[in-house]
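K.L.:
Input: one structure, supplied below.
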Amino acid sequence: MSSSPGEEGRLPEAAPNHNTPDRFDSPAQTEATGNTPGDLVSPVLDKASPSSTTSFEIVDMETVPAPYREVQPHWFFCQRANDNTSWLPFSREDSDKLERARNSEDEGEVVVAVDGERYDVHVKERKRYAVYWEQGPTQVRRCTWFYKGDKDTRFMPYSEDFSQSLEESYMIAVTLDEWKTKLDFPTGETVILHNPKLIMQYQPIGMQDEWMTSPSEQTQPRTVKRGVDNISVEIPEGEPEKVDHLVFMVHGIGPACDLRFRSIIQCVSDFRSASLSLLASHYKRAQQDGQVNRVEFLPVNWHSALHGDATGVDEDIQRITLPSISRLRHFTNDTLLDLFFYNSPTYCQTIVDTVASEINRLHTLFKQRHPEFSGAVSVVGHSLGSLILFDLLTNQRTRSGAREGVPSGESCQLSCDTLEQTLTRLGLQQYLDTLQAENLDLESLSLCNDSDLKVLGIPLGPRKKILKYAKRKWFPEDCKKGTVLLPPGMQCPLEVTNDQDGNQSSGVTPQQSQFHRAQSITSAVDYEYFDMGIGQVSIEYPQLAFRPQTFFAFGSPIGMFLTVRGLKRIDPNYTFPTCKSFYNIYHPYDPVAYRIEPMIVSEVDLEPMLIPHHKGRKRMHLELKDSLTRMSMDLKNNVLGSLRTAWQSFARLPSAAALPPVEEGETTIERNLEETQASAAVTASSESEEKSADFWTKILEWPRALHMHYFQGVCEESSVSAEQGEQPEIKVGRLNGGRRIDYVLQEKPIESFNEYLFAIQSHLCYWESEDTALLLLKEIYDKQGVAFEQPQQ
């Protein structure tokens, strides 16, 4: 739909036909209906009336027209949240990839991986699909022209066909140097090209809001801009293709993860963005040297599986829920009940199976999309998610010769032939095609649970046969045991008593030292009983397909749950079977968080490790608080010490009543003794006067000493810190390799005014905490031998 310069600046005029599908959708109608712009009618290009252009004329117009240059497109994607639609730009690297794919000569659909390969864009379909999680497709647009109204906060892109029409009209105006032209569209909208810098769009009166009645409001135009470089939009930086480390993040109770009621996907996205920013600032030199690329964070969602149609628990709860205070009851059913579900033998199995299977699925999919990945994997749990991961890691099994958590045996030929032989032996060969269609072999079959096989359409009887065979095949030692013991180091201490013969015996029977399986009424799973109280739910804990390097717990109630289960202490020699590092990170005002170290080292009162601020210092209010505390203690000690010294000095002064009386008949020896005593008294009096003078000198020099010590930084503080640094490091068991476990964040100044007011926010602050993200990055890259550098402020 191009026009040559000989056409005198007019596009071919075509009358609108509203009875046919060939029509020109306005940007507002396109956004409202969601229709894909198709065959559109060209606008009518005409000279603008003088009355409509008087206020927009520019006097110093260039006499020589600038040569026409084709506009540079940029790709955007649509994001909808809370009935609000916004268009966000791709990074320049992703936009260039999409543009090259659009210009390719491939006839079929072209798929381009964007956003760190977490999304796939179908270029010809103009859709963006999530790879790792369930999310509806979003619209993608190649954008060249943008508009913004007076009440809009950002520029919105026109549809591609509308932008093409504007670009062709702009090309004609630039080539012929004919401005102040008007484009009339069949829908009544008008775009006036005043000059290259000023282009306005006027909407018809019928499309205005009903409450707009004044003529000035009805004629307010939209600002039109050409090219992404002429609008105020923040284009994100591209992510490195190589991934150094993979982290799975498990959410806590409820579907929302922060005060804005956002999902785990959005919160993890913010955490990922914070980590990329910290890598650019704190690992800048390492990035330049190619030592650091990026860390990938993937969300693990289990709430939807628990509250979905498969379990039917929401319908059961809704039938018994009272109708009053419906919103509060709905919130309780959707969030707080997850704690009770996890302690239920029926739904605990569903939660654990969902978390483990989702982590294994994401790990397999990530390895497929990143075949060159050779880094380690870590896990993060927030709130109840940390307890789920703790129980899961506690029940992982290790076997000699295992490869990434997959046990080795005499028949480890994981091929379809082996799977066929196994199904034939079980008499279930009719299900071979079903399993092969899902690319299942014996290795992946051993990781499946009952719900996975049920989804494949396998009946109950064959499912039980397959699961029983897989359990005996891969874990024969566990099948021989009739009872289940806690992992070493997690047992409760047994009381030792003396019998009548003087022999020592434990206070429980051999049956009580183990954990009996009491049959549950509602399910085949049951509880394990400690020698005191009810302990961890006895279920079949699935195995992860990898060995986690580090386990990070955010705002975790692990310590409280272990105590409620009857566990008084954790053996210092205990460690997770497959994970060697564990960090318990919490905010000081988090009402859900509990400590772990007092359960390991109970004889020493250890303060938690303070997480440094990401800018390399303590927060100012904490520094002031510490300085005032030290000042008050030093002032108290100095005052008491000086008063004690003064009292002792005054007490030692000689008195006249204490001197012996002088008589007339003294001998020469007595007179000499008297002179000696008098000289000694004078000496003692002079010494007392000197001590008294030293005391008042110290009193007068206190202000100067305090000023030098606290506000000019004398060497005393540095010497004290050096002495503290020379103290030997405290060993806190093997749960974190002998290192500290509890790490506390620094509260913000506004939070210190009222800790109760910010309690709920403190439990949800970890997703946007740069200090937390930096601690994770330091732990990850320290094990790779890469140290971070503190940026200059």
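Each chain in the structure tokens gets a letter, A, B and so on, in the order shown; residues start at 1 in every chain, and ligands are counted from 1 in the order they appear.
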Per DSSP on the backbone, filter range 156-385 of chain A down to the residues in helix (DSSP H, G or I) and report them as a PyMOL selection string.
P.N.:
chain A and resi 160-176+205-207+215-218+228-230+264-282+284-288+303-306+313-319+326-342+345-369+384-385
K.L.:
Set the distance at 9 Å and use only C-alpha atoms: which residues neighbour Glu239 in chain A once local chain neighbours fewer than 4 positions away are removed? I'd like the list as a ChimeraX atom specification.
P.N.:
/A:91,93,115-116,276,293-294
K.L.:
Write the residues of the selection above to a file with N, CA and C atoms, as a tab-separated table (two decimals), in the first residue's frame.
P.N.:
chain	number	residue	atom	x	y	z
A	91	SER	N	13.94	-7.37	25.46
A	91	SER	CA	15.30	-6.84	25.40
A	91	SER	C	15.72	-6.65	23.95
A	93	GLU	N	18.30	-7.76	22.47
A	93	GLU	CA	18.76	-9.02	21.89
A	93	GLU	C	17.59	-9.88	21.45
A	115	ASP	N	13.57	-14.28	26.79
A	115	ASP	CA	13.57	-14.14	28.26
A	115	ASP	C	14.31	-15.29	28.93
A	116	GLY	N	15.55	-15.50	28.53
A	116	GLY	CA	16.34	-16.56	29.14
A	116	GLY	C	15.81	-17.94	28.83
A	276	LEU	N	20.05	-10.46	38.86
A	276	LEU	CA	20.76	-9.98	37.68
A	276	LEU	C	21.36	-8.60	37.92
A	293	ASN	N	28.06	-15.73	34.74
A	293	ASN	CA	27.04	-15.50	33.73
A	293	ASN	C	25.72	-15.12	34.40
A	294	ARG	N	24.95	-16.11	34.84
A	294	ARG	CA	23.71	-15.81	35.56
A	294	ARG	C	23.25	-17.04	36.31
K.L.:
Distance CA of Arg463 in chain A-CA of Gly312 in chain A, one decimal place?
P.N.:
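One can read the CA of Arg463 in chain A to CA of Gly312 in chain A distance as 21.3 Å.
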K.L.:
Near Ile317 in chain A, counting only C-alpha atoms, which residues have an atom at most 12 Å away, once you skip same-chain residues fewer than 2 positions from it, shown as a compact mmCIF listing (two decimals) with N, CA and C atoms, in the first residue's frame?
P.N.:
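Saved as selection_3.txt:
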# COMPACT_ATOMS: atom_id res chain seq x y z
N HIS A 307 -5.54 -27.80 45.68
CA HIS A 307 -6.89 -27.24 45.67
C HIS A 307 -7.58 -27.42 44.32
N THR A 311 -8.38 -33.41 43.90
CA THR A 311 -8.57 -33.76 45.31
C THR A 311 -10.00 -33.50 45.77
N GLY A 312 -10.64 -32.47 45.24
CA GLY A 312 -11.99 -32.14 45.66
C GLY A 312 -12.08 -31.59 47.06
N VAL A 313 -10.95 -31.17 47.63
CA VAL A 313 -10.95 -30.72 49.02
C VAL A 313 -11.67 -29.39 49.17
N ASP A 314 -11.59 -28.53 48.16
CA ASP A 314 -12.26 -27.23 48.27
C ASP A 314 -13.78 -27.40 48.34
N GLU A 315 -14.32 -28.32 47.57
CA GLU A 315 -15.76 -28.56 47.62
C GLU A 315 -16.17 -29.12 48.98
N ARG A 319 -18.69 -26.99 51.75
CA ARG A 319 -19.98 -27.49 52.24
C ARG A 319 -20.14 -27.28 53.74
N ILE A 320 -19.04 -27.23 54.47
CA ILE A 320 -19.13 -27.10 55.92
C ILE A 320 -18.75 -25.71 56.40
N THR A 321 -18.49 -24.78 55.46
CA THR A 321 -18.10 -23.42 55.83
C THR A 321 -19.34 -22.59 56.12
N LEU A 322 -19.31 -21.82 57.19
CA LEU A 322 -20.42 -20.96 57.56
C LEU A 322 -20.53 -19.79 56.57
N ARG A 329 -13.48 -16.12 55.78
CA ARG A 329 -13.49 -17.58 55.75
C ARG A 329 -12.87 -18.11 54.45
N HIS A 330 -13.12 -17.42 53.35
CA HIS A 330 -12.49 -17.83 52.09
C HIS A 330 -10.97 -17.70 52.17
N THR A 332 -9.19 -17.90 54.90
CA THR A 332 -8.71 -18.97 55.79
C THR A 332 -8.68 -20.31 55.06
N ASN A 333 -9.73 -20.61 54.31
CA ASN A 333 -9.78 -21.89 53.59
C ASN A 333 -8.70 -21.98 52.52
N ASP A 334 -8.35 -20.84 51.93
CA ASP A 334 -7.42 -20.85 50.80
C ASP A 334 -5.98 -20.77 51.24
N LEU A 337 -5.46 -23.09 55.93
CA LEU A 337 -5.74 -24.51 56.01
C LEU A 337 -4.64 -25.35 55.39
N PHE A 341 -3.56 -29.18 56.16
CA PHE A 341 -3.47 -30.18 55.09
C PHE A 341 -2.12 -30.89 55.11
K.L.:
Under the rule that only C-alpha atoms are counted, which of A:Val744, A:Cys579, A:Ser383, A:Glu768 is the nearest residue to Ser269 in chain A?
P.N.:
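Closest residue, counting only C-alpha atoms: A:Glu768.
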K.L.:
Give the answer as one residue: which of A:Phe155, A:Tyr594, A:His370, A:Tyr68 has the shortest atom-to-atom distance to Thr175 in chain A, using only C-alpha atoms?
P.N.:
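Ranked by minimum distance to Thr175 in chain A, first place goes to A:Tyr68.
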K.L.:
DSSP on the backbone: what in range 250-459 of chain A comes out strand (DSSP E or B), as a list in words?
P.N.:
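The strand (DSSP E or B) subset of range 250-459 of chain A is Val250, Val295, Glu296, Phe297, Leu298, Pro299, Val300, Ala376, Val377, Ser378, Val379, Val380, Gly381, His382, Arg403 and Val406 of chain A.
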K.L.:
CA of Arg226 in chain A to CA of Ser104 in chain A: how many Å, to one decimal?
P.N.:
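Taking CA of Arg226 in chain A as the start and CA of Ser104 in chain A as the end point, the length is 24.9 Å.
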K.L.:
Which one is closest to Arg272 in chain A: A:Met249, A:Arg260, A:Asn84, A:His382? Count only C-alpha atoms.
P.N.:
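Of all the options, A:Met249 lies closest to Arg272 in chain A.
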K.L.:
At what distance in Å, to one decimal, does CA of Leu298 in chain A lie from CA of Ser538 in chain A?
P.N.:
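Those two atoms sit 28.7 Å apart.
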